[in-house]
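Coordinates from target10.cif are shown below (mmCIF, C-alpha atoms and all ligand atoms).
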```
data_run
#
loop_
_atom_site.label_atom_id
_atom_site.label_comp_id
_atom_site.auth_asym_id
_atom_site.auth_seq_id
_atom_site.Cartn_x
_atom_site.Cartn_y
_atom_site.Cartn_z
CA MET A 10 -5.70 -8.25 3.75
CA ARG A 11 -4.23 -4.83 3.06
CA ILE A 12 -0.47 -4.40 3.53
CA ALA A 13 1.33 -1.05 3.53
CA VAL A 14 4.89 -1.00 2.18
CA MET A 15 6.86 2.13 3.00
CA GLY A 16 9.67 2.77 0.51
CA ALA A 17 9.62 2.17 -3.25
CA GLY A 18 13.29 1.39 -3.81
CA SER A 19 14.41 -2.05 -5.00
CA TRP A 20 13.52 -3.97 -1.85
CA GLY A 21 10.22 -2.21 -1.15
CA THR A 22 9.16 -2.90 -4.73
CA ALA A 23 10.16 -6.58 -4.46
CA LEU A 24 8.35 -7.03 -1.14
CA ALA A 25 5.25 -5.36 -2.59
CA GLN A 26 5.38 -8.02 -5.36
CA VAL A 27 5.75 -10.79 -2.76
CA ALA A 28 2.74 -9.55 -0.78
CA CYS A 29 0.71 -9.02 -3.97
CA ALA A 30 1.53 -12.53 -5.21
CA ASN A 31 0.11 -13.83 -1.91
CA GLY A 32 -3.22 -12.20 -2.78
CA HIS A 33 -2.92 -9.12 -0.56
CA GLU A 34 -3.98 -5.62 -1.50
CA VAL A 35 -0.75 -3.60 -1.34
CA ARG A 36 -0.31 0.14 -0.86
CA LEU A 37 3.25 1.07 -1.79
CA TRP A 38 4.40 4.44 -0.43
CA ALA A 39 6.87 6.31 -2.64
CA ARG A 40 8.52 9.51 -1.45
CA ARG A 41 8.08 11.22 -4.81
CA ASP A 42 4.62 11.63 -6.30
CA GLU A 43 5.90 11.23 -9.88
CA VAL A 44 7.22 7.77 -8.97
CA ALA A 45 3.85 6.75 -7.49
CA ARG A 46 2.02 8.03 -10.56
CA ALA A 47 4.43 6.25 -12.95
CA ILE A 48 3.97 2.94 -11.09
CA ASN A 49 0.19 3.20 -11.26
CA ARG A 50 0.26 4.16 -14.93
CA ASP A 51 2.96 1.82 -16.30
CA ARG A 52 2.82 -1.05 -13.75
CA ARG A 53 6.62 -0.62 -13.48
CA ASN A 54 8.83 1.27 -11.05
CA PRO A 55 10.72 3.81 -13.21
CA GLY A 56 13.77 3.83 -10.91
CA TYR A 57 14.21 0.25 -9.70
CA LEU A 58 13.64 -3.26 -11.09
CA ARG A 59 12.40 -1.63 -14.29
CA ASP A 60 12.00 -4.99 -16.07
CA VAL A 61 9.50 -6.30 -13.52
CA GLU A 62 5.81 -5.92 -14.31
CA LEU A 63 4.10 -5.10 -11.02
CA GLY A 64 0.99 -6.96 -9.92
CA ALA A 65 -2.43 -5.38 -10.37
CA GLY A 66 -2.98 -5.51 -6.59
CA ILE A 67 -0.27 -2.90 -5.97
CA GLU A 68 -1.39 0.71 -5.66
CA ALA A 69 1.41 3.25 -5.30
CA THR A 70 0.86 6.49 -3.41
CA SER A 71 2.94 9.36 -2.05
CA ASP A 72 0.34 9.98 0.67
CA LEU A 73 1.50 8.13 3.77
CA ALA A 74 -1.86 8.40 5.55
CA HIS A 75 -3.55 6.80 2.51
CA ALA A 76 -0.88 4.06 2.39
CA LEU A 77 -1.56 3.21 6.03
CA ASP A 78 -5.34 3.56 5.97
CA GLY A 79 -6.90 0.17 6.76
CA ALA A 80 -3.51 -1.60 6.71
CA GLU A 81 -3.24 -4.81 8.70
CA ALA A 82 0.56 -4.88 8.49
CA LEU A 83 3.29 -2.36 7.69
CA LEU A 84 6.62 -3.16 6.05
CA VAL A 85 9.21 -0.38 6.45
CA VAL A 86 11.74 -0.52 3.61
CA THR A 87 13.29 2.95 3.56
CA PRO A 88 17.08 3.46 3.99
CA SER A 89 18.48 3.04 7.52
CA LYS A 90 19.75 6.62 7.71
CA VAL A 91 16.15 7.88 7.89
CA MET A 92 14.88 5.26 10.39
CA ARG A 93 14.13 7.75 13.19
CA ALA A 94 12.48 10.24 10.82
CA MET A 95 10.32 7.50 9.26
CA ALA A 96 9.32 6.18 12.71
CA ARG A 97 8.22 9.69 13.70
CA GLU A 98 6.21 10.08 10.49
CA VAL A 99 4.30 6.82 10.90
CA ALA A 100 3.83 7.04 14.69
CA PRO A 101 0.67 9.20 14.66
CA LEU A 102 -0.85 7.16 11.80
CA VAL A 103 -0.72 3.59 13.14
CA ARG A 104 -2.78 1.77 15.73
CA PRO A 105 -0.94 0.39 18.79
CA ASP A 106 -1.28 -3.27 17.73
CA LEU A 107 -0.42 -2.92 14.02
CA PRO A 108 2.29 -5.48 13.16
CA VAL A 109 5.32 -3.60 11.81
CA ALA A 110 8.18 -5.39 10.02
CA LEU A 111 11.42 -3.41 9.65
CA CYS A 112 13.08 -4.58 6.43
CA PHE A 113 16.02 -2.18 6.14
CA LYS A 114 19.56 -3.02 7.31
CA GLY A 115 21.60 -0.74 9.53
CA ILE A 116 21.94 0.88 12.94
CA GLU A 117 21.22 4.42 14.05
CA GLU A 118 23.92 7.00 13.45
CA GLY A 119 25.39 8.49 16.64
CA THR A 120 23.47 6.33 19.14
CA GLY A 121 24.17 2.84 17.76
CA ARG A 122 20.53 2.02 18.51
CA LEU A 123 19.04 -0.92 16.63
CA PRO A 124 16.02 -0.43 14.32
CA ALA A 125 13.44 -2.14 16.55
CA GLU A 126 14.57 -0.05 19.55
CA VAL A 127 14.18 3.14 17.52
CA PHE A 128 10.70 2.21 16.29
CA ALA A 129 9.62 1.02 19.74
CA ALA A 130 10.74 4.34 21.23
CA GLU A 131 8.68 6.30 18.69
CA LEU A 132 5.66 3.98 18.20
CA GLY A 133 5.37 2.19 21.54
CA SER A 134 4.15 -1.44 21.82
CA PRO A 135 7.55 -3.04 21.12
CA GLU A 136 6.11 -6.57 21.00
CA ARG A 137 4.45 -5.91 17.59
CA ILE A 138 7.71 -4.71 16.00
CA ALA A 139 9.51 -7.34 13.94
CA VAL A 140 12.62 -7.32 11.77
CA LEU A 141 12.95 -9.13 8.45
CA SER A 142 16.34 -10.08 7.02
CA GLY A 143 18.03 -12.77 4.96
CA PRO A 144 19.87 -13.48 1.70
CA ASN A 145 17.33 -11.63 -0.42
CA HIS A 146 18.50 -9.72 -3.45
CA ALA A 147 15.48 -7.77 -4.67
CA GLU A 148 16.27 -8.56 -8.33
CA GLU A 149 15.71 -12.29 -7.65
CA VAL A 150 12.90 -12.15 -5.08
CA ALA A 151 10.80 -9.85 -7.29
CA ILE A 152 10.64 -12.49 -10.04
CA GLY A 153 10.02 -15.44 -7.75
CA ILE A 154 13.45 -17.08 -7.76
CA PRO A 155 13.40 -19.22 -4.57
CA ALA A 156 14.78 -17.57 -1.45
CA ALA A 157 14.35 -17.65 2.32
CA THR A 158 14.31 -15.02 5.03
CA VAL A 159 13.92 -14.64 8.80
CA ILE A 160 11.33 -12.64 10.69
CA ALA A 161 12.39 -11.99 14.27
CA CYS A 162 9.95 -10.66 16.82
CA ALA A 163 9.51 -10.74 20.60
CA SER A 164 5.93 -11.91 19.97
CA ALA A 165 5.70 -15.40 18.46
CA HIS A 166 2.13 -14.52 17.45
CA VAL A 167 3.22 -11.48 15.39
CA ALA A 168 6.12 -13.45 13.84
CA SER A 169 3.73 -16.20 12.82
CA PHE A 170 1.20 -13.67 11.42
CA LEU A 171 3.91 -12.05 9.24
CA GLN A 172 5.26 -15.47 8.26
CA ASP A 173 1.83 -16.42 6.91
CA ALA A 174 1.31 -13.03 5.25
CA LEU A 175 4.59 -13.05 3.29
CA GLY A 176 5.67 -16.67 3.05
CA SER A 177 5.17 -18.82 -0.05
CA GLY A 178 6.77 -21.69 -1.95
CA ALA A 179 9.15 -19.17 -3.54
CA PHE A 180 9.80 -17.09 -0.42
CA ARG A 181 10.26 -19.24 2.68
CA VAL A 182 9.93 -17.26 5.90
CA TYR A 183 11.51 -18.62 9.09
CA ALA A 184 10.63 -17.26 12.54
CA SER A 185 13.02 -16.20 15.30
CA ASP A 186 12.82 -14.36 18.61
CA ASP A 187 16.39 -13.00 18.37
CA VAL A 188 15.62 -9.44 17.30
CA PRO A 189 19.04 -7.87 18.13
CA GLY A 190 20.89 -10.86 16.66
CA VAL A 191 19.09 -10.54 13.31
CA GLU A 192 19.52 -6.74 13.26
CA LEU A 193 23.24 -6.87 14.01
CA CYS A 194 23.86 -9.61 11.43
CA ALA A 195 21.98 -7.52 8.83
CA ALA A 196 24.07 -4.43 9.45
CA SER A 197 27.38 -6.27 9.81
CA LYS A 198 27.18 -8.41 6.67
CA ASN A 199 27.13 -5.29 4.49
CA VAL A 200 30.42 -4.10 6.03
CA ILE A 201 32.07 -7.47 5.39
CA ALA A 202 30.79 -7.39 1.78
CA ILE A 203 32.61 -4.10 1.26
CA ALA A 204 35.80 -5.73 2.58
CA VAL A 205 35.33 -8.67 0.20
CA GLY A 206 34.68 -6.31 -2.71
CA ALA A 207 37.83 -4.35 -1.85
CA SER A 208 39.86 -7.55 -1.70
CA TYR A 209 38.69 -8.64 -5.18
CA GLY A 210 39.15 -5.09 -6.47
CA SER A 211 42.74 -5.09 -5.32
CA GLY A 212 43.60 -8.39 -6.97
CA CYS A 213 43.10 -10.90 -4.13
CA GLY A 214 41.48 -14.28 -4.74
CA ASP A 215 38.72 -16.56 -3.54
CA ASN A 216 40.76 -17.78 -0.57
CA THR A 217 41.00 -14.19 0.66
CA ALA A 218 37.24 -13.73 0.18
CA ALA A 219 36.55 -16.93 2.16
CA MET A 220 38.91 -15.73 4.92
CA LEU A 221 37.09 -12.39 5.15
CA ILE A 222 33.64 -14.01 5.10
CA THR A 223 34.52 -16.52 7.81
CA ARG A 224 36.44 -14.12 10.02
CA GLY A 225 33.67 -11.59 9.37
CA MET A 226 31.24 -14.13 10.76
CA ALA A 227 33.50 -14.53 13.83
CA GLU A 228 33.45 -10.79 14.52
CA MET A 229 29.70 -10.66 13.88
CA SER A 230 29.27 -13.46 16.46
CA ARG A 231 31.42 -11.63 19.05
CA LEU A 232 29.28 -8.52 18.65
CA VAL A 233 25.96 -10.40 18.72
CA SER A 234 26.82 -12.29 21.88
CA LYS A 235 28.07 -9.15 23.70
CA ALA A 236 24.93 -7.24 22.65
CA GLY A 237 22.60 -9.87 24.13
CA GLY A 238 21.77 -11.77 20.93
CA ASP A 239 22.25 -15.47 20.20
CA PRO A 240 25.50 -16.24 18.33
CA LEU A 241 23.65 -19.15 16.66
CA THR A 242 21.71 -16.51 14.69
CA CYS A 243 25.02 -15.74 12.92
CA MET A 244 24.95 -19.26 11.46
CA GLY A 245 21.44 -18.79 10.08
CA LEU A 246 19.88 -17.00 7.12
CA ALA A 247 20.37 -13.49 8.51
CA GLY A 248 24.03 -14.23 9.30
CA ALA A 249 25.91 -16.77 7.18
CA GLY A 250 23.17 -16.84 4.53
CA ASP A 251 23.10 -13.11 3.88
CA LEU A 252 26.87 -12.83 4.29
CA ILE A 253 27.42 -15.37 1.52
CA ALA A 254 24.77 -13.84 -0.77
CA THR A 255 26.04 -10.30 -0.32
CA CYS A 256 29.75 -11.09 -0.55
CA MET A 257 29.47 -13.38 -3.58
CA SER A 258 26.66 -11.84 -5.66
CA GLN A 259 27.14 -9.46 -8.53
CA HIS A 260 23.79 -7.93 -7.48
CA SER A 261 25.34 -6.63 -4.26
CA ARG A 262 25.81 -2.88 -4.14
CA ASN A 263 28.01 -3.22 -1.05
CA ARG A 264 30.37 -5.63 -2.77
CA ARG A 265 30.43 -3.53 -5.98
CA PHE A 266 31.16 -0.41 -3.96
CA GLY A 267 34.03 -2.25 -2.23
CA GLU A 268 35.48 -3.32 -5.59
CA ARG A 269 35.65 0.35 -6.57
CA LEU A 270 37.35 1.58 -3.41
CA VAL A 271 40.72 1.04 -5.12
CA GLU A 272 39.78 3.79 -7.58
CA GLY A 273 38.81 6.16 -4.75
CA MET A 274 35.02 5.63 -4.95
CA THR A 275 33.03 7.36 -2.18
CA PRO A 276 29.57 6.40 -0.83
CA ASP A 277 28.04 9.66 -2.06
CA ARG A 278 29.44 9.29 -5.58
CA PHE A 279 28.33 5.63 -5.74
CA SER A 280 24.78 6.54 -4.63
CA ALA A 281 24.66 9.47 -7.06
CA GLU A 282 25.75 7.16 -9.94
CA THR A 283 23.43 4.27 -9.12
CA GLY A 284 20.55 5.88 -7.15
CA MET A 285 21.12 3.15 -4.57
CA VAL A 286 22.14 3.07 -0.93
CA VAL A 287 25.40 1.51 0.34
CA GLU A 288 24.33 0.59 3.85
CA GLY A 289 27.67 -1.02 4.76
CA ALA A 290 29.56 2.25 4.45
CA LEU A 291 27.32 3.90 7.05
CA ALA A 292 27.28 0.80 9.23
CA ALA A 293 31.10 0.64 9.33
CA ARG A 294 31.09 4.14 10.82
CA ASN A 295 28.09 3.59 13.09
CA PHE A 296 29.50 0.39 14.59
CA GLU A 297 32.25 2.40 16.33
CA VAL A 298 29.90 3.29 19.18
CA LEU A 299 29.03 -0.41 19.71
CA GLU A 300 32.69 -1.46 19.59
CA ARG A 301 33.32 0.96 22.48
CA ARG A 302 30.08 0.16 24.34
CA TYR A 303 30.68 -3.59 24.37
CA GLY A 304 34.50 -3.58 24.26
CA VAL A 305 34.37 -5.91 21.26
CA ASP A 306 37.14 -6.37 18.68
CA LEU A 307 35.89 -5.89 15.08
CA PRO A 308 39.12 -5.69 13.02
CA ILE A 309 37.52 -6.03 9.56
CA THR A 310 34.85 -3.45 10.35
CA ARG A 311 37.56 -1.10 11.63
CA VAL A 312 39.62 -1.30 8.42
CA VAL A 313 36.51 -0.79 6.25
CA ARG A 314 35.73 2.33 8.31
CA ASP A 315 39.30 3.61 7.88
CA LEU A 316 39.21 2.91 4.12
CA VAL A 317 35.83 4.51 3.47
CA TRP A 318 35.88 7.42 5.91
CA GLY A 319 39.56 7.88 6.84
CA ASP A 320 42.70 8.23 4.80
CA ALA A 321 43.77 4.57 4.95
CA THR A 322 45.00 2.86 1.78
CA ILE A 323 44.34 -0.69 0.58
CA ALA A 324 48.04 -1.53 1.08
CA GLY A 325 47.92 -0.06 4.58
CA VAL A 326 44.78 -1.88 5.74
CA ARG A 327 46.04 -5.11 4.22
CA ARG A 328 49.15 -4.84 6.41
CA GLN A 329 47.05 -3.76 9.39
CA LEU A 330 44.85 -6.87 9.11
CA LEU A 331 47.42 -9.46 8.14
CA GLU A 332 50.20 -8.44 10.53
CA ARG A 333 48.11 -8.73 13.70
CA SER A 334 49.29 -11.27 16.26
CA PHE A 335 48.04 -14.84 15.79
CA LYS A 336 45.04 -15.84 17.90
CA ALA A 337 42.78 -18.72 18.84
CA GLU A 338 40.13 -19.16 16.15
CA PHE A 339 37.19 -18.34 18.43
CA TYR A 340 38.70 -15.72 20.76
CA GLY A 341 36.24 -13.36 22.46
CA LEU A 342 33.31 -15.77 22.28
N1 LIG B 401 18.03 -4.10 -2.64
C1 LIG B 401 17.98 -5.26 -2.03
O1 LIG B 401 18.15 -6.32 -2.65
C2 LIG B 401 17.70 -5.31 -0.55
C3 LIG B 401 17.39 -6.55 0.02
C4 LIG B 401 17.17 -6.63 1.39
C5 LIG B 401 17.23 -5.48 2.16
N2 LIG B 401 17.53 -4.29 1.56
C6 LIG B 401 17.56 -3.10 2.44
O2 LIG B 401 16.41 -2.31 2.19
C7 LIG B 401 16.69 -0.95 2.48
C8 LIG B 401 16.25 -0.12 1.29
O3 LIG B 401 17.10 -0.47 0.20
P1 LIG B 401 16.62 -0.56 -1.30
O4 LIG B 401 17.56 -1.49 -1.96
O5 LIG B 401 15.17 -0.83 -1.39
O6 LIG B 401 16.88 0.93 -1.77
P2 LIG B 401 17.49 1.39 -3.16
O7 LIG B 401 18.95 1.59 -2.98
O8 LIG B 401 17.03 0.49 -4.25
O9 LIG B 401 16.80 2.81 -3.36
C9 LIG B 401 16.92 3.84 -2.43
C10 LIG B 401 15.51 4.16 -1.95
O10 LIG B 401 15.61 5.06 -0.85
C11 LIG B 401 14.73 6.15 -1.06
N3 LIG B 401 15.25 7.29 -0.30
C12 LIG B 401 16.42 7.91 -0.47
N4 LIG B 401 16.54 8.91 0.42
C13 LIG B 401 15.40 8.88 1.17
C14 LIG B 401 14.92 9.66 2.24
N5 LIG B 401 15.64 10.68 2.73
N6 LIG B 401 13.72 9.35 2.79
C15 LIG B 401 13.00 8.32 2.30
N7 LIG B 401 13.40 7.54 1.28
C16 LIG B 401 14.58 7.84 0.73
C17 LIG B 401 14.75 6.35 -2.54
O11 LIG B 401 13.63 7.12 -2.95
C18 LIG B 401 14.67 4.90 -3.01
O12 LIG B 401 13.34 4.45 -2.92
C19 LIG B 401 18.20 -0.88 2.77
O13 LIG B 401 18.41 -0.82 4.16
C20 LIG B 401 18.74 -2.18 2.20
O14 LIG B 401 19.89 -2.64 2.90
C21 LIG B 401 17.76 -4.17 0.23
O1 LIG B 402 22.85 -5.05 -2.62
P1 LIG B 402 23.24 -5.03 -1.17
O2 LIG B 402 24.71 -5.20 -0.95
O3 LIG B 402 22.69 -3.81 -0.47
O4 LIG B 402 22.54 -6.29 -0.47
C1 LIG B 402 21.15 -6.45 -0.62
C2 LIG B 402 20.56 -7.42 0.39
O5 LIG B 402 20.82 -6.97 1.71
C3 LIG B 402 20.98 -8.86 0.21
O6 LIG B 402 20.29 -9.69 1.11
#
```

Now, as a test, write the supplied structure out as structure tokens.
Amino acid sequence: MRIAVMGAGSWGTALAQVACANGHEVRLWARRDEVARAINRDRRNPGYLRDVELGAGIEATSDLAHALDGAEALLVVTPSKVMRAMAREVAPLVRPDLPVALCFKGIEEGTGRLPAEVFAAELGSPERIAVLSGPNHAEEVAIGIPAATVIACASAHVASFLQDALGSGAFRVYASDDVPGVELCAASKNVIAIAVGASYGSGCGDNTAAMLITRGMAEMSRLVSKAGGDPLTCMGLAGAGDLIATCMSQHSRNRRFGERLVEGMTPDRFSAETGMVVEGALAARNFEVLERRYGVDLPITRVVRDLVWGDATIAGVRRQLLERSFKAEFYGL
């Protein structure tokens, strides 16, 4: 079948490879025409995963209507900050029953809306909108190193269709119906990875990282359960799995950005240097609206927000976190 992939960054390129390896005809939409032309000419993405030779079944294009023409599934892999704009661009071009998998990680700025809500509002037919998330560094998935992911969708039929379309021996795809749970885990794990990066960058050790990962999972679970998701999702691939991969991997941009906070690194400077997005920085800020909406305590997220966007110092947030009163391990759940 033909699959449209929207976004030719690292993850869009890797997912195009996954779909191509499964025998699908892939149309990969790149924002810039010179990128699309370079991919078609060189069989390599000039900006991302440059060492990976792209399959012959991938055609890149900067024409969104062409990318979507005849598509039987759409994977949206553009950065979260443009989710609403992307939804509006694709809305007039897709049929009402086209399965759409949202593969970016984040929540909407200002509203705190989750990706599937935003796309459902713009495209209609919410039951065909799925989210894909898991411990999936593009650098590894693109070359077939074994990994697993979750596709969550209100429709078991659409989840199963996407599972068959993308799943393989190298890329195991599990199904779920917990759309908000998977989306919140995806956005939250990036924030915790920044905290872990900052802890390593400021000289802390593996015990500190394990504390932040585990307590990060506790705050993720509090948020998921208050927002109507299943806290068990936090123990799965989209939660614990992705949290571990992102916090411990050298591939992780969020962790690397966190390591450099001690030297005053900012999200804009990091993205300008690497050409890559740091979704956790935006998520830390965007979670504030959900903290207020659900009255949920997210202490690690709060200190990451203060470090990245406020004038907090590492020494200050360290005190702020460690000098809180002692609590029951699973308070708020
Ligand atoms: N890289 C990974 O390993 C990975 C894995 C799973 C999920 N994700 C998620 O996928 C999403 C995309 O990340 P990525 O790693 O593919 O990106 P990237 O950081 O590799 O590259 C950024 C991409 O965003 C595009 N872009 C920048 N501004 C844009 C705009 N205004 N409109 C449209 N496109 C724009 C750039 O052209 C480029 O293609 C993120 O939400 C990320 O969290 C990434
Ligand atoms: O490189 P990061 O930190 O954006 O993480 C990439 C993926 O989300 C890992 O699953």

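Considering all atoms listed in the file, the residue among A:Asn199, A:Gln26, A:Asn31, A:Gln172 positioned nearest to ligand LIG 402 (chain B) is A:Asn199.
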
Test item: residues no farther than 7 Å from ligand LIG 401 (chain B), counting only C-alpha atoms and all ligand atoms, as a compact mmCIF listing (two decimals) with C-alpha atoms, in the coordinates of the input:
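Once written, part22.txt looks like this:
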```
# COMPACT_ATOMS: atom_id res chain seq x y z
CA GLY A 16 9.67 2.77 0.51
CA ALA A 17 9.62 2.17 -3.25
CA GLY A 18 13.29 1.39 -3.81
CA SER A 19 14.41 -2.05 -5.00
CA TRP A 20 13.52 -3.97 -1.85
CA GLY A 21 10.22 -2.21 -1.15
CA ALA A 39 6.87 6.31 -2.64
CA ARG A 40 8.52 9.51 -1.45
CA TYR A 57 14.21 0.25 -9.70
CA VAL A 86 11.74 -0.52 3.61
CA THR A 87 13.29 2.95 3.56
CA PRO A 88 17.08 3.46 3.99
CA SER A 89 18.48 3.04 7.52
CA VAL A 91 16.15 7.88 7.89
CA CYS A 112 13.08 -4.58 6.43
CA PHE A 113 16.02 -2.18 6.14
CA LYS A 114 19.56 -3.02 7.31
CA GLY A 115 21.60 -0.74 9.53
CA SER A 142 16.34 -10.08 7.02
CA ASN A 145 17.33 -11.63 -0.42
CA HIS A 146 18.50 -9.72 -3.45
CA ALA A 147 15.48 -7.77 -4.67
CA GLU A 148 16.27 -8.56 -8.33
CA GLY A 284 20.55 5.88 -7.15
CA MET A 285 21.12 3.15 -4.57
CA VAL A 286 22.14 3.07 -0.93
CA GLU A 288 24.33 0.59 3.85
```

*Using all atoms listed in the file, determine which residues fall within 9 Å of ligand LIG 402 (chain B), then list them as an MDAnalysis selection string.*
chainID A and resid 20 113:114 142:147 158 195:196 198:199 202:203 247 250:252 254:256 258:266 285:289

*Tell me, in Å to one decimal, how far atom CA of Tyr209 of chain A is from atom CA of Glu268 of chain A.*
6.2 Å

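With atom CA of Leu246 of chain A on one side and atom CA of Ala23 of chain A on the other, the separation reads 18.4 Å.
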
Hey, could you pull the box centre and edge lengths for segment 331-334 of chain A, axis-aligned, 5 Å padding per side, all listed atoms, to one decimal in Å, as JSON?
```
{"center_x": 48.8, "center_y": -9.9, "center_z": 12.2, "size_x": 12.8, "size_y": 12.8, "size_z": 18.1}
```

*Between A:His166, A:Arg231, A:Lys90, A:Arg224, which has the minimum distance to Asn295 of chain A (counting all atoms listed in the file)?*
A:Lys90

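If you look at atom CA of Cys243 of chain A and atom CA of Thr310 of chain A, they are 15.9 Å away from each other.
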